$ cat model_8.csv   # CSV, C-alpha atoms
chain,number,residue,atom,x,y,z
A,4,MET,CA,-6.8,3.5,2.3
A,5,THR,CA,-9.1,6.1,0.7
A,6,SER,CA,-8.7,9.8,1.4
A,7,GLY,CA,-12.2,10.9,0.2
A,8,ARG,CA,-14.5,9.3,2.7
A,9,GLU,CA,-17.6,11.1,1.7
A,10,SER,CA,-19.3,9.0,-1.0
A,11,VAL,CA,-21.9,9.8,-3.6
A,12,VAL,CA,-24.5,7.2,-4.6
A,13,LEU,CA,-24.8,7.1,-8.4
A,14,ALA,CA,-27.1,4.2,-9.2
A,15,HIS,CA,-28.5,0.9,-8.1
A,16,ALA,CA,-26.8,-2.3,-9.1
A,17,SER,CA,-28.4,-5.6,-10.0
A,18,PRO,CA,-28.7,-8.5,-7.4
A,19,GLU,CA,-25.3,-9.7,-6.2
A,20,ARG,CA,-23.5,-12.8,-7.6
A,21,ARG,CA,-20.3,-14.1,-6.3
A,22,VAL,CA,-18.0,-13.4,-9.3
A,23,ARG,CA,-14.6,-12.1,-8.3
A,24,PRO,CA,-13.5,-9.1,-10.3
A,25,ARG,CA,-10.4,-9.5,-12.5
A,26,ASP,CA,-7.7,-6.9,-12.9
A,27,ALA,CA,-8.1,-4.8,-16.1
A,28,ALA,CA,-6.7,-1.6,-17.6
A,29,SER,CA,-8.1,0.9,-20.0
A,30,ILE,CA,-6.4,3.9,-21.7
A,31,MET,CA,-7.6,7.3,-22.9
A,32,LEU,CA,-5.3,8.4,-25.7
A,33,LEU,CA,-5.8,12.2,-25.9
A,34,ASP,CA,-5.2,14.4,-29.0
A,35,ARG,CA,-4.9,18.2,-28.1
A,36,THR,CA,-3.5,19.4,-31.4
A,37,GLY,CA,-6.7,21.0,-32.7
A,38,GLY,CA,-7.4,23.5,-30.0
A,39,GLY,CA,-9.7,21.1,-28.1
A,40,VAL,CA,-9.1,17.6,-26.8
A,41,ARG,CA,-10.2,14.4,-28.5
A,42,VAL,CA,-10.1,10.9,-27.2
A,43,LEU,CA,-9.7,7.6,-29.1
A,44,MET,CA,-12.7,5.3,-28.9
A,45,GLY,CA,-13.8,2.2,-30.8
A,46,ARG,CA,-16.7,-0.3,-31.0
A,47,ARG,CA,-16.2,-3.6,-29.2
A,48,SER,CA,-16.8,-6.6,-31.5
A,49,SER,CA,-20.2,-8.2,-31.4
A,50,ALA,CA,-18.4,-11.5,-30.6
A,51,HIS,CA,-17.5,-10.2,-27.1
A,52,VAL,CA,-19.5,-11.6,-24.2
A,53,PHE,CA,-18.8,-8.5,-22.1
A,54,MET,CA,-20.3,-5.2,-23.5
A,55,PRO,CA,-20.6,-6.2,-27.2
A,56,ASP,CA,-21.1,-3.4,-29.8
A,57,LEU,CA,-20.5,-0.6,-27.3
A,58,TYR,CA,-17.9,2.2,-27.8
A,59,VAL,CA,-15.1,2.2,-25.3
A,60,PHE,CA,-11.5,3.2,-24.8
A,61,PRO,CA,-8.9,0.6,-25.7
A,62,GLY,CA,-8.3,-1.8,-22.9
A,63,GLY,CA,-8.6,-5.3,-21.4
A,64,ARG,CA,-7.7,-7.6,-18.6
A,65,ARG,CA,-4.3,-7.8,-17.1
A,66,ASP,CA,-2.4,-10.9,-18.3
A,67,PRO,CA,0.3,-12.8,-16.3
A,68,THR,CA,2.7,-11.9,-19.1
A,69,ASP,CA,2.3,-8.2,-18.3
A,70,HIS,CA,4.4,-8.7,-15.2
A,71,ARG,CA,7.3,-9.8,-17.3
A,72,LEU,CA,7.2,-7.0,-19.9
A,73,ALA,CA,10.3,-4.8,-19.9
A,74,PHE,CA,9.9,-1.0,-20.0
A,75,SER,CA,12.1,1.9,-20.7
A,76,THR,CA,10.8,4.5,-18.2
A,77,ASP,CA,8.9,3.9,-15.0
A,78,LEU,CA,5.6,5.4,-13.8
A,79,ASN,CA,5.6,8.9,-12.3
A,80,PRO,CA,6.0,8.3,-8.5
A,81,ALA,CA,2.7,9.9,-7.7
A,82,VAL,CA,0.9,7.6,-10.2
A,83,LEU,CA,2.7,4.5,-8.8
A,84,GLN,CA,1.6,5.5,-5.3
A,85,ALA,CA,-2.0,6.1,-6.3
A,86,LEU,CA,-2.2,2.7,-8.0
A,87,LYS,CA,-1.1,1.1,-4.7
A,88,CYS,CA,-3.7,3.0,-2.7
A,89,VAL,CA,-6.5,0.5,-2.1
A,90,GLU,CA,-8.9,-0.9,0.5
A,91,GLY,CA,-8.0,-4.4,1.6
A,92,GLN,CA,-5.1,-6.3,0.1
A,93,PRO,CA,-2.2,-4.0,-0.8
A,94,VAL,CA,-1.0,-3.6,-4.4
A,95,SER,CA,2.6,-4.3,-5.0
A,96,ASP,CA,4.9,-2.2,-7.3
A,97,ALA,CA,5.0,-5.1,-9.7
A,98,ARG,CA,1.2,-5.4,-9.9
A,99,ALA,CA,0.8,-1.6,-10.3
A,100,ARG,CA,3.3,-1.6,-13.2
A,101,ALA,CA,1.7,-4.6,-14.8
A,102,LEU,CA,-1.7,-2.8,-14.9
A,103,ALA,CA,0.0,0.2,-16.7
A,104,LEU,CA,1.8,-2.2,-19.0
A,105,ALA,CA,-1.5,-4.0,-19.8
A,106,ALA,CA,-3.0,-0.7,-20.8
A,107,LEU,CA,-0.2,0.0,-23.3
A,108,ARG,CA,-0.3,-3.6,-24.6
A,109,GLU,CA,-4.0,-3.4,-25.2
A,110,LEU,CA,-3.7,-0.1,-27.0
A,111,TYR,CA,-1.2,-1.7,-29.4
A,112,GLU,CA,-3.2,-4.9,-29.9
A,113,GLU,CA,-6.5,-3.1,-30.3
A,114,ALA,CA,-5.5,0.1,-32.1
A,115,GLY,CA,-2.0,-0.5,-33.4
A,116,VAL,CA,-0.5,2.3,-31.4
A,117,PRO,CA,2.9,1.7,-29.8
A,118,LEU,CA,3.8,3.9,-26.8
A,119,GLY,CA,7.5,3.5,-26.4
A,120,GLN,CA,10.8,2.9,-28.2
A,121,PRO,CA,10.8,0.7,-31.3
A,122,LEU,CA,12.5,-2.7,-30.9
A,123,ALA,CA,14.4,-4.5,-33.6
A,124,GLU,CA,14.2,-7.9,-31.9
A,125,THR,CA,11.5,-10.1,-33.5
A,126,GLU,CA,11.3,-12.4,-30.4
A,127,ALA,CA,10.2,-9.6,-28.1
A,128,PRO,CA,6.6,-9.8,-26.7
A,129,LEU,CA,6.0,-6.3,-28.1
A,130,PRO,CA,7.7,-4.5,-31.0
A,131,PHE,CA,8.4,-1.6,-28.7
A,132,LEU,CA,9.7,-1.0,-25.2
A,133,PRO,CA,6.9,0.6,-23.3
A,134,ASP,CA,7.3,4.1,-21.8
A,135,LEU,CA,5.2,4.5,-18.7
A,136,ALA,CA,6.5,8.0,-17.6
A,137,ASN,CA,3.6,10.1,-19.1
A,138,LEU,CA,0.7,8.0,-18.0
A,139,ARG,CA,-1.9,9.6,-15.7
A,140,TYR,CA,-4.0,7.5,-13.4
A,141,MET,CA,-7.6,8.8,-14.0
A,142,ALA,CA,-10.0,6.5,-12.3
A,143,ARG,CA,-10.7,3.0,-10.9
A,144,ALA,CA,-14.1,1.2,-11.4
A,145,ILE,CA,-15.3,-2.3,-10.4
A,146,THR,CA,-18.1,-3.9,-12.4
A,147,PRO,CA,-21.1,-4.3,-10.0
A,148,PRO,CA,-22.1,-7.7,-8.8
A,149,GLY,CA,-24.7,-9.5,-10.8
A,150,HIS,CA,-22.7,-9.7,-14.0
A,151,SER,CA,-21.3,-13.0,-15.4
A,152,ARG,CA,-17.9,-11.2,-15.8
A,153,ARG,CA,-16.5,-8.5,-13.5
A,154,PHE,CA,-13.5,-6.4,-13.8
A,155,ASP,CA,-11.5,-4.1,-11.5
A,156,THR,CA,-10.4,-1.6,-14.1
A,157,ARG,CA,-7.8,1.2,-13.8
A,158,PHE,CA,-8.2,4.0,-16.3
A,159,PHE,CA,-5.2,5.8,-17.6
A,160,ALA,CA,-4.7,8.8,-19.8
A,161,ILE,CA,-1.8,10.1,-22.0
A,162,PHE,CA,-1.4,13.0,-24.4
A,163,ALA,CA,-0.5,11.8,-27.9
A,164,ASP,CA,2.0,14.6,-28.4
A,165,GLU,CA,3.9,13.7,-25.2
A,166,ALA,CA,4.1,10.1,-26.4
A,167,LYS,CA,5.0,11.2,-30.0
A,168,VAL,CA,2.0,9.3,-31.4
A,169,ASP,CA,0.9,10.0,-35.0
A,170,THR,CA,-2.9,10.3,-34.5
A,171,SER,CA,-3.5,9.6,-38.1
A,172,ARG,CA,-2.1,6.1,-37.7
A,173,VAL,CA,-4.6,4.0,-35.8
A,174,LEU,CA,-5.6,0.6,-36.9
A,175,GLU,CA,-8.8,-1.3,-36.3
A,176,SER,CA,-8.6,-4.8,-34.9
A,177,ARG,CA,-10.9,-7.8,-34.5
A,178,GLU,CA,-11.5,-6.6,-30.9
A,179,LEU,CA,-12.0,-2.9,-31.5
A,180,GLN,CA,-13.6,-1.5,-34.7
A,181,ASP,CA,-14.7,1.8,-36.1
A,182,LEU,CA,-12.0,3.7,-34.3
A,183,GLN,CA,-12.9,7.4,-33.9
A,184,TRP,CA,-11.4,10.5,-32.3
A,185,ILE,CA,-14.2,11.9,-30.2
A,186,ASP,CA,-14.3,15.5,-28.9
A,187,VAL,CA,-14.5,15.1,-25.1
A,188,ASN,CA,-16.9,18.2,-24.9
A,189,ASP,CA,-19.1,17.1,-27.8
A,190,LEU,CA,-19.9,13.4,-27.4
A,191,PRO,CA,-22.0,12.1,-30.3
A,192,SER,CA,-24.8,9.7,-30.0
A,193,LEU,CA,-22.5,6.6,-29.6
A,194,ARG,CA,-23.6,3.7,-27.5
A,195,ILE,CA,-21.3,3.7,-24.6
A,196,PRO,CA,-21.4,2.0,-21.2
A,197,GLU,CA,-22.6,4.1,-18.3
A,198,ILE,CA,-19.2,3.9,-16.5
A,199,THR,CA,-17.5,5.2,-19.7
A,200,ALA,CA,-19.8,8.2,-19.7
A,201,ILE,CA,-18.9,8.8,-16.1
A,202,ILE,CA,-15.2,8.6,-16.7
A,203,LEU,CA,-15.5,11.0,-19.7
A,204,SER,CA,-17.3,13.4,-17.4
A,205,ASP,CA,-14.4,13.1,-14.9
A,206,LEU,CA,-11.9,13.7,-17.8
A,207,ARG,CA,-13.8,16.9,-18.8
A,208,SER,CA,-13.7,18.1,-15.2
A,209,GLY,CA,-10.0,17.3,-14.9
A,210,LEU,CA,-9.2,19.2,-18.1
A,211,GLU,CA,-11.2,22.2,-17.0
A,212,ALA,CA,-9.4,22.3,-13.6
A,213,ASP,CA,-5.9,21.9,-15.1
A,214,PRO,CA,-5.4,21.1,-18.8
A,215,SER,CA,-2.1,19.4,-18.0
A,216,LEU,CA,-3.9,16.7,-16.0
A,217,PRO,CA,-1.4,16.7,-13.0
A,218,TYR,CA,0.1,13.3,-12.0
A,219,GLY,CA,-0.8,13.8,-8.4
A,220,ARG,CA,-4.6,14.5,-8.9
A,221,SER,CA,-7.2,12.7,-6.8
A,222,VAL,CA,-8.5,9.5,-8.4
A,223,PRO,CA,-12.2,8.7,-8.4
A,224,PHE,CA,-13.0,5.1,-7.4
A,225,TYR,CA,-16.4,3.6,-8.4
A,226,PHE,CA,-17.7,0.4,-6.8
A,227,THR,CA,-20.9,-1.2,-5.5
A,228,ARG,CA,-21.7,-1.8,-1.8
A,229,ARG,CA,-25.0,-3.2,-0.6
A,230,GLY,CA,-26.7,-2.5,-3.9
A,231,ARG,CA,-25.4,1.1,-4.1
A,232,PHE,CA,-23.0,2.3,-6.8
A,233,ILE,CA,-20.6,4.6,-4.9
A,234,ARG,CA,-18.0,7.2,-5.8
A,235,THR,CA,-15.1,7.9,-3.5
A,236,LEU,CA,-11.6,9.2,-3.9
A,237,LEU,CA,-8.2,7.4,-3.7

$ encode --input "model_8.csv" --output "C-alpha cells"
Amino acid sequence: MTSGRESVVLAHASPERRVRPRDAASIMLLDRTGGGVRVLMGRRSSAHVFMPDLYVFPGGRRDPTDHRLAFSTDLNPAVLQALKCVEGQPVSDARARALALAALRELYEEAGVPLGQPLAETEAPLPFLPDLANLRYMARAITPPGHSRRFDTRFFAIFADEAKVDTSRVLESRELQDLQWIDVNDLPSLRIPEITAIILSDLRSGLEADPSLPYGRSVPFYFTRRGRFIRTLL
C-alpha cells in the first residue's frame, strides 16, 4: 500500500517493452565531517551494458546469495516496515534484509568499504559481518519500460561516522572508477542518470528538513504507468 496517493508526473517514458524489473539496491555513503555533507559516487565502467560511463552511487542487483548472508545488527524497525510497503506482491522480511545486504555487499565490492565487524574467517562470503542498524531507506525507483534491462532499485543512505568508516580509504574497482566525494549542494558537471539527480534532490531536501535523516521518513517511489513517470510516497 502507498500512503501518498497524490502523484506528480515527472517525465515521459519510452515505448513499453515487457522486461521484468530485477531487484537491486544502491547506497549513498555520506560524509558530514567537513561542515557540509558529501556523498560517494563513481563512474560506471564503459564495459557495462546498463548506464556505461555515468556517475552513480555504489550498487547493483540483488543476488540469491544475499539471502544467506549473516549480519550483526538488524534494520531499524521503521526501515524494515517501509521496505515491505509495496503495491502488489508483499515483500518478506528476508527479501527486505537481502536488499539491504546487497547494498552493503556492493559498496564493498565496488568501493572497498566494509560496513560491519571484521571477520577472521577466510571462508566467509564477506570479510566483515554487515551491520544494518544505521541504514536509512531513502527512495525506490523502477527503470521505465522500453529498456533492455530494468531494475527495481531501493536506495539506502548511511553516515560514514555512524558506521566508523574512514572516508580516505575508498578503492576503485573494475565496476566503479574515479571515486569522488561530491558535495550534495554543489554537484559538479558529472554525467549522471536522471534518476540519480532526482534522488540527490530528495537527499538535499531530506537533510534540510532534518539533518539526521530520521528512520521513519516518507520514502519517494518513482515508477512509470501508461507512459508517465510518476512520484508517490511509500

$ residues_near_point --input "model_8.csv" --point "(-16.0, 3.4, -17.2)" --cutoff "12 Å" --atoms "all atoms listed in the file" --output "JSON, numbers by chain"
{"A": [27, 28, 29, 30, 31, 54, 57, 58, 59, 60, 61, 62, 141, 142, 143, 144, 145, 146, 147, 154, 155, 156, 157, 158, 159, 195, 196, 197, 198, 199, 200, 201, 202, 203, 204, 205, 206, 223, 224, 225, 226]}

$ residues_near_point --input "model_8.csv" --point "(11.2, 2.8, -30.8)" --cutoff "12 Å" --atoms "all atoms listed in the file" --output "PDB file with C-alpha atoms, in the coordinates of the input"
ATOM      1  CA  PHE A  74       9.900  -1.000 -20.000  1.00  0.00           C
ATOM      2  CA  SER A  75      12.100   1.900 -20.700  1.00  0.00           C
ATOM      3  CA  VAL A 116      -0.500   2.300 -31.400  1.00  0.00           C
ATOM      4  CA  PRO A 117       2.900   1.700 -29.800  1.00  0.00           C
ATOM      5  CA  LEU A 118       3.800   3.900 -26.800  1.00  0.00           C
ATOM      6  CA  GLY A 119       7.500   3.500 -26.400  1.00  0.00           C
ATOM      7  CA  GLN A 120      10.800   2.900 -28.200  1.00  0.00           C
ATOM      8  CA  PRO A 121      10.800   0.700 -31.300  1.00  0.00           C
ATOM      9  CA  LEU A 122      12.500  -2.700 -30.900  1.00  0.00           C
ATOM     10  CA  ALA A 123      14.400  -4.500 -33.600  1.00  0.00           C
ATOM     11  CA  GLU A 124      14.200  -7.900 -31.900  1.00  0.00           C
ATOM     12  CA  LEU A 129       6.000  -6.300 -28.100  1.00  0.00           C
ATOM     13  CA  PRO A 130       7.700  -4.500 -31.000  1.00  0.00           C
ATOM     14  CA  PHE A 131       8.400  -1.600 -28.700  1.00  0.00           C
ATOM     15  CA  LEU A 132       9.700  -1.000 -25.200  1.00  0.00           C
ATOM     16  CA  PRO A 133       6.900   0.600 -23.300  1.00  0.00           C
ATOM     17  CA  ASP A 134       7.300   4.100 -21.800  1.00  0.00           C
ATOM     18  CA  ALA A 166       4.100  10.100 -26.400  1.00  0.00           C
ATOM     19  CA  LYS A 167       5.000  11.200 -30.000  1.00  0.00           C
ATOM     20  CA  VAL A 168       2.000   9.300 -31.400  1.00  0.00           C
TER      21      VAL A 168
END

$ residues_around --input "model_8.csv" --residues "segment 181-183 of chain A" --least-positions-apart "2" --cutoff "6 Å" --atoms "all atoms listed in the file" --output "list of chain:residue names"
A:Leu43, A:Met44, A:Gly45, A:Arg46, A:Ile185

$ residues_around --input "model_8.csv" --residues "Ala85 of chain A" --least-positions-apart "6" --cutoff "8 Å" --atoms "all atoms listed in the file" --output "JSON, numbers by chain"
{"A": [140, 222, 237]}

$ closest_residue --input "model_8.csv" --among "A:Leu190, A:Leu78, A:Leu32, A:Leu174" --to "Leu102 of chain A" --atoms "all atoms listed in the file"
A:Leu78

$ axis_aligned_box --input "model_8.csv" --around "segment 27-32 of chain A" --padding-each-side "5 Å" --output "lines of an AutoDock Vina configuration file"
center_x = -6.7
center_y = 1.8
center_z = -20.9
size_x = 12.8
size_y = 23.2
size_z = 19.6

$ atom_distance --input "model_8.csv" --atom1 "atom CA of Arg21 of chain A" --atom2 "atom CA of Ser95 of chain A"
24.9 Å

$ closest_residue --input "model_8.csv" --among "A:Arg64, A:Leu110, A:Leu216, A:Asn188" --to "Pro24 of chain A" --atoms "only C-alpha atoms"
A:Arg64

$ closest_residue --input "model_8.csv" --among "A:Pro217, A:Pro67, A:Gly230, A:Gly209" --to "Pro148 of chain A" --atoms "all atoms listed in the file"
A:Gly230

$ atom_distance --input "model_8.csv" --atom1 "atom CA of Ala106 of chain A" --atom2 "atom CA of Ile233 of chain A"
24.3 Å

$ atom_distance --input "model_8.csv" --atom1 "atom CA of Trp184 of chain A" --atom2 "atom CA of Ser215 of chain A"
19.2 Å

$ decode --input "model_8.csv" --residues "segment 162-176 of chain A" --atoms "all heavy atoms" --output "PDB file, in the first residue's frame"
ATOM      1  N   PHE A 162      25.473   7.451   7.266  1.00  0.00           N
ATOM      2  CA  PHE A 162      26.531   8.403   7.586  1.00  0.00           C
ATOM      3  C   PHE A 162      27.811   7.638   7.911  1.00  0.00           C
ATOM      4  O   PHE A 162      27.809   6.694   8.706  1.00  0.00           O
ATOM      5  CB  PHE A 162      26.126   9.279   8.769  1.00  0.00           C
ATOM      6  CG  PHE A 162      25.019  10.243   8.459  1.00  0.00           C
ATOM      7  CD1 PHE A 162      23.746  10.035   8.959  1.00  0.00           C
ATOM      8  CD2 PHE A 162      25.246  11.361   7.657  1.00  0.00           C
ATOM      9  CE1 PHE A 162      22.711  10.913   8.669  1.00  0.00           C
ATOM     10  CE2 PHE A 162      24.225  12.253   7.373  1.00  0.00           C
ATOM     11  CZ  PHE A 162      22.952  12.025   7.871  1.00  0.00           C
ATOM     12  N   ALA A 163      28.914   8.062   7.285  1.00  0.00           N
ATOM     13  CA  ALA A 163      30.188   7.370   7.447  1.00  0.00           C
ATOM     14  C   ALA A 163      30.651   7.347   8.901  1.00  0.00           C
ATOM     15  O   ALA A 163      31.206   6.349   9.372  1.00  0.00           O
ATOM     16  CB  ALA A 163      31.247   8.020   6.565  1.00  0.00           C
ATOM     17  N   ASP A 164      30.410   8.441   9.647  1.00  0.00           N
ATOM     18  CA  ASP A 164      30.873   8.470  11.038  1.00  0.00           C
ATOM     19  C   ASP A 164      30.086   7.484  11.904  1.00  0.00           C
ATOM     20  O   ASP A 164      30.647   6.869  12.813  1.00  0.00           O
ATOM     21  CB  ASP A 164      30.771   9.884  11.610  1.00  0.00           C
ATOM     22  CG  ASP A 164      29.358  10.451  11.542  1.00  0.00           C
ATOM     23  OD1 ASP A 164      28.840  10.619  10.421  1.00  0.00           O
ATOM     24  OD2 ASP A 164      28.772  10.723  12.596  1.00  0.00           O
ATOM     25  N   GLU A 165      28.785   7.310  11.618  1.00  0.00           N
ATOM     26  CA  GLU A 165      27.998   6.326  12.365  1.00  0.00           C
ATOM     27  C   GLU A 165      28.513   4.908  12.124  1.00  0.00           C
ATOM     28  O   GLU A 165      28.496   4.068  13.028  1.00  0.00           O
ATOM     29  CB  GLU A 165      26.531   6.406  11.950  1.00  0.00           C
ATOM     30  CG  GLU A 165      25.792   7.620  12.471  1.00  0.00           C
ATOM     31  CD  GLU A 165      24.336   7.602  12.094  1.00  0.00           C
ATOM     32  OE1 GLU A 165      23.958   6.867  11.156  1.00  0.00           O
ATOM     33  OE2 GLU A 165      23.548   8.325  12.736  1.00  0.00           O
ATOM     34  N   ALA A 166      28.954   4.672  10.887  1.00  0.00           N
ATOM     35  CA  ALA A 166      29.430   3.336  10.523  1.00  0.00           C
ATOM     36  C   ALA A 166      30.925   3.167  10.770  1.00  0.00           C
ATOM     37  O   ALA A 166      31.492   2.119  10.451  1.00  0.00           O
ATOM     38  CB  ALA A 166      29.122   3.068   9.052  1.00  0.00           C
ATOM     39  N   LYS A 167      31.569   4.204  11.326  1.00  0.00           N
ATOM     40  CA  LYS A 167      33.012   4.169  11.628  1.00  0.00           C
ATOM     41  C   LYS A 167      33.832   3.880  10.366  1.00  0.00           C
ATOM     42  O   LYS A 167      34.756   3.057  10.380  1.00  0.00           O
ATOM     43  CB  LYS A 167      33.312   3.142  12.729  1.00  0.00           C
ATOM     44  CG  LYS A 167      32.636   3.475  14.053  1.00  0.00           C
ATOM     45  CD  LYS A 167      32.959   2.436  15.114  1.00  0.00           C
ATOM     46  CE  LYS A 167      32.415   2.833  16.476  1.00  0.00           C
ATOM     47  NZ  LYS A 167      30.952   3.051  16.488  1.00  0.00           N
ATOM     48  N   VAL A 168      33.475   4.567   9.284  1.00  0.00           N
ATOM     49  CA  VAL A 168      34.156   4.412   8.005  1.00  0.00           C
ATOM     50  C   VAL A 168      35.214   5.495   7.850  1.00  0.00           C
ATOM     51  O   VAL A 168      34.947   6.679   8.087  1.00  0.00           O
ATOM     52  CB  VAL A 168      33.152   4.498   6.834  1.00  0.00           C
ATOM     53  CG1 VAL A 168      33.874   4.610   5.491  1.00  0.00           C
ATOM     54  CG2 VAL A 168      32.236   3.292   6.837  1.00  0.00           C
ATOM     55  N   ASP A 169      36.426   5.100   7.471  1.00  0.00           N
ATOM     56  CA  ASP A 169      37.493   6.038   7.151  1.00  0.00           C
ATOM     57  C   ASP A 169      37.265   6.507   5.713  1.00  0.00           C
ATOM     58  O   ASP A 169      37.479   5.749   4.762  1.00  0.00           O
ATOM     59  CB  ASP A 169      38.848   5.351   7.294  1.00  0.00           C
ATOM     60  CG  ASP A 169      40.018   6.296   7.041  1.00  0.00           C
ATOM     61  OD1 ASP A 169      39.789   7.416   6.542  1.00  0.00           O
ATOM     62  OD2 ASP A 169      41.171   5.901   7.315  1.00  0.00           O
ATOM     63  N   THR A 170      36.829   7.748   5.542  1.00  0.00           N
ATOM     64  CA  THR A 170      36.459   8.228   4.204  1.00  0.00           C
ATOM     65  C   THR A 170      37.663   8.389   3.271  1.00  0.00           C
ATOM     66  O   THR A 170      37.473   8.585   2.062  1.00  0.00           O
ATOM     67  CB  THR A 170      35.716   9.567   4.311  1.00  0.00           C
ATOM     68  OG1 THR A 170      36.523  10.512   5.026  1.00  0.00           O
ATOM     69  CG2 THR A 170      34.385   9.380   5.041  1.00  0.00           C
ATOM     70  N   SER A 171      38.871   8.320   3.813  1.00  0.00           N
ATOM     71  CA  SER A 171      40.061   8.416   2.963  1.00  0.00           C
ATOM     72  C   SER A 171      40.417   7.065   2.344  1.00  0.00           C
ATOM     73  O   SER A 171      41.278   6.990   1.465  1.00  0.00           O
ATOM     74  CB  SER A 171      41.256   8.942   3.766  1.00  0.00           C
ATOM     75  OG  SER A 171      41.670   7.987   4.742  1.00  0.00           O
ATOM     76  N   ARG A 172      39.749   6.015   2.792  1.00  0.00           N
ATOM     77  CA  ARG A 172      40.082   4.663   2.315  1.00  0.00           C
ATOM     78  C   ARG A 172      38.935   4.089   1.484  1.00  0.00           C
ATOM     79  O   ARG A 172      38.138   3.280   1.946  1.00  0.00           O
ATOM     80  CB  ARG A 172      40.408   3.749   3.502  1.00  0.00           C
ATOM     81  CG  ARG A 172      41.565   4.252   4.343  1.00  0.00           C
ATOM     82  CD  ARG A 172      41.972   3.255   5.396  1.00  0.00           C
ATOM     83  NE  ARG A 172      42.525   2.040   4.808  1.00  0.00           N
ATOM     84  CZ  ARG A 172      42.976   1.005   5.509  1.00  0.00           C
ATOM     85  NH1 ARG A 172      42.912   1.033   6.843  1.00  0.00           N
ATOM     86  NH2 ARG A 172      43.474  -0.053   4.914  1.00  0.00           N
ATOM     87  N   VAL A 173      38.851   4.572   0.254  1.00  0.00           N
ATOM     88  CA  VAL A 173      37.935   4.005  -0.715  1.00  0.00           C
ATOM     89  C   VAL A 173      38.761   3.543  -1.910  1.00  0.00           C
ATOM     90  O   VAL A 173      39.760   4.179  -2.264  1.00  0.00           O
ATOM     91  CB  VAL A 173      36.850   5.012  -1.154  1.00  0.00           C
ATOM     92  CG1 VAL A 173      35.945   5.358   0.026  1.00  0.00           C
ATOM     93  CG2 VAL A 173      37.461   6.262  -1.748  1.00  0.00           C
ATOM     94  N   LEU A 174      38.373   2.450  -2.514  1.00  0.00           N
ATOM     95  CA  LEU A 174      39.166   1.823  -3.565  1.00  0.00           C
ATOM     96  C   LEU A 174      38.351   1.661  -4.840  1.00  0.00           C
ATOM     97  O   LEU A 174      37.231   1.140  -4.805  1.00  0.00           O
ATOM     98  CB  LEU A 174      39.669   0.447  -3.104  1.00  0.00           C
ATOM     99  CG  LEU A 174      40.515   0.409  -1.826  1.00  0.00           C
ATOM    100  CD1 LEU A 174      40.753  -1.034  -1.394  1.00  0.00           C
ATOM    101  CD2 LEU A 174      41.840   1.124  -2.059  1.00  0.00           C
ATOM    102  N   GLU A 175      38.916   2.109  -5.952  1.00  0.00           N
ATOM    103  CA  GLU A 175      38.262   1.894  -7.228  1.00  0.00           C
ATOM    104  C   GLU A 175      38.212   0.403  -7.552  1.00  0.00           C
ATOM    105  O   GLU A 175      38.994  -0.397  -7.032  1.00  0.00           O
ATOM    106  CB  GLU A 175      39.013   2.632  -8.343  1.00  0.00           C
ATOM    107  CG  GLU A 175      38.963   4.136  -8.231  1.00  0.00           C
ATOM    108  CD  GLU A 175      39.619   4.823  -9.423  1.00  0.00           C
ATOM    109  OE1 GLU A 175      40.024   4.098 -10.364  1.00  0.00           O
ATOM    110  OE2 GLU A 175      39.714   6.049  -9.421  1.00  0.00           O
ATOM    111  N   SER A 176      37.289   0.031  -8.414  1.00  0.00           N
ATOM    112  CA  SER A 176      37.156  -1.353  -8.849  1.00  0.00           C
ATOM    113  C   SER A 176      36.931  -1.372 -10.354  1.00  0.00           C
ATOM    114  O   SER A 176      36.816  -0.326 -10.998  1.00  0.00           O
ATOM    115  CB  SER A 176      35.965  -2.015  -8.132  1.00  0.00           C
ATOM    116  OG  SER A 176      34.750  -1.373  -8.521  1.00  0.00           O
TER     117      SER A 176
END
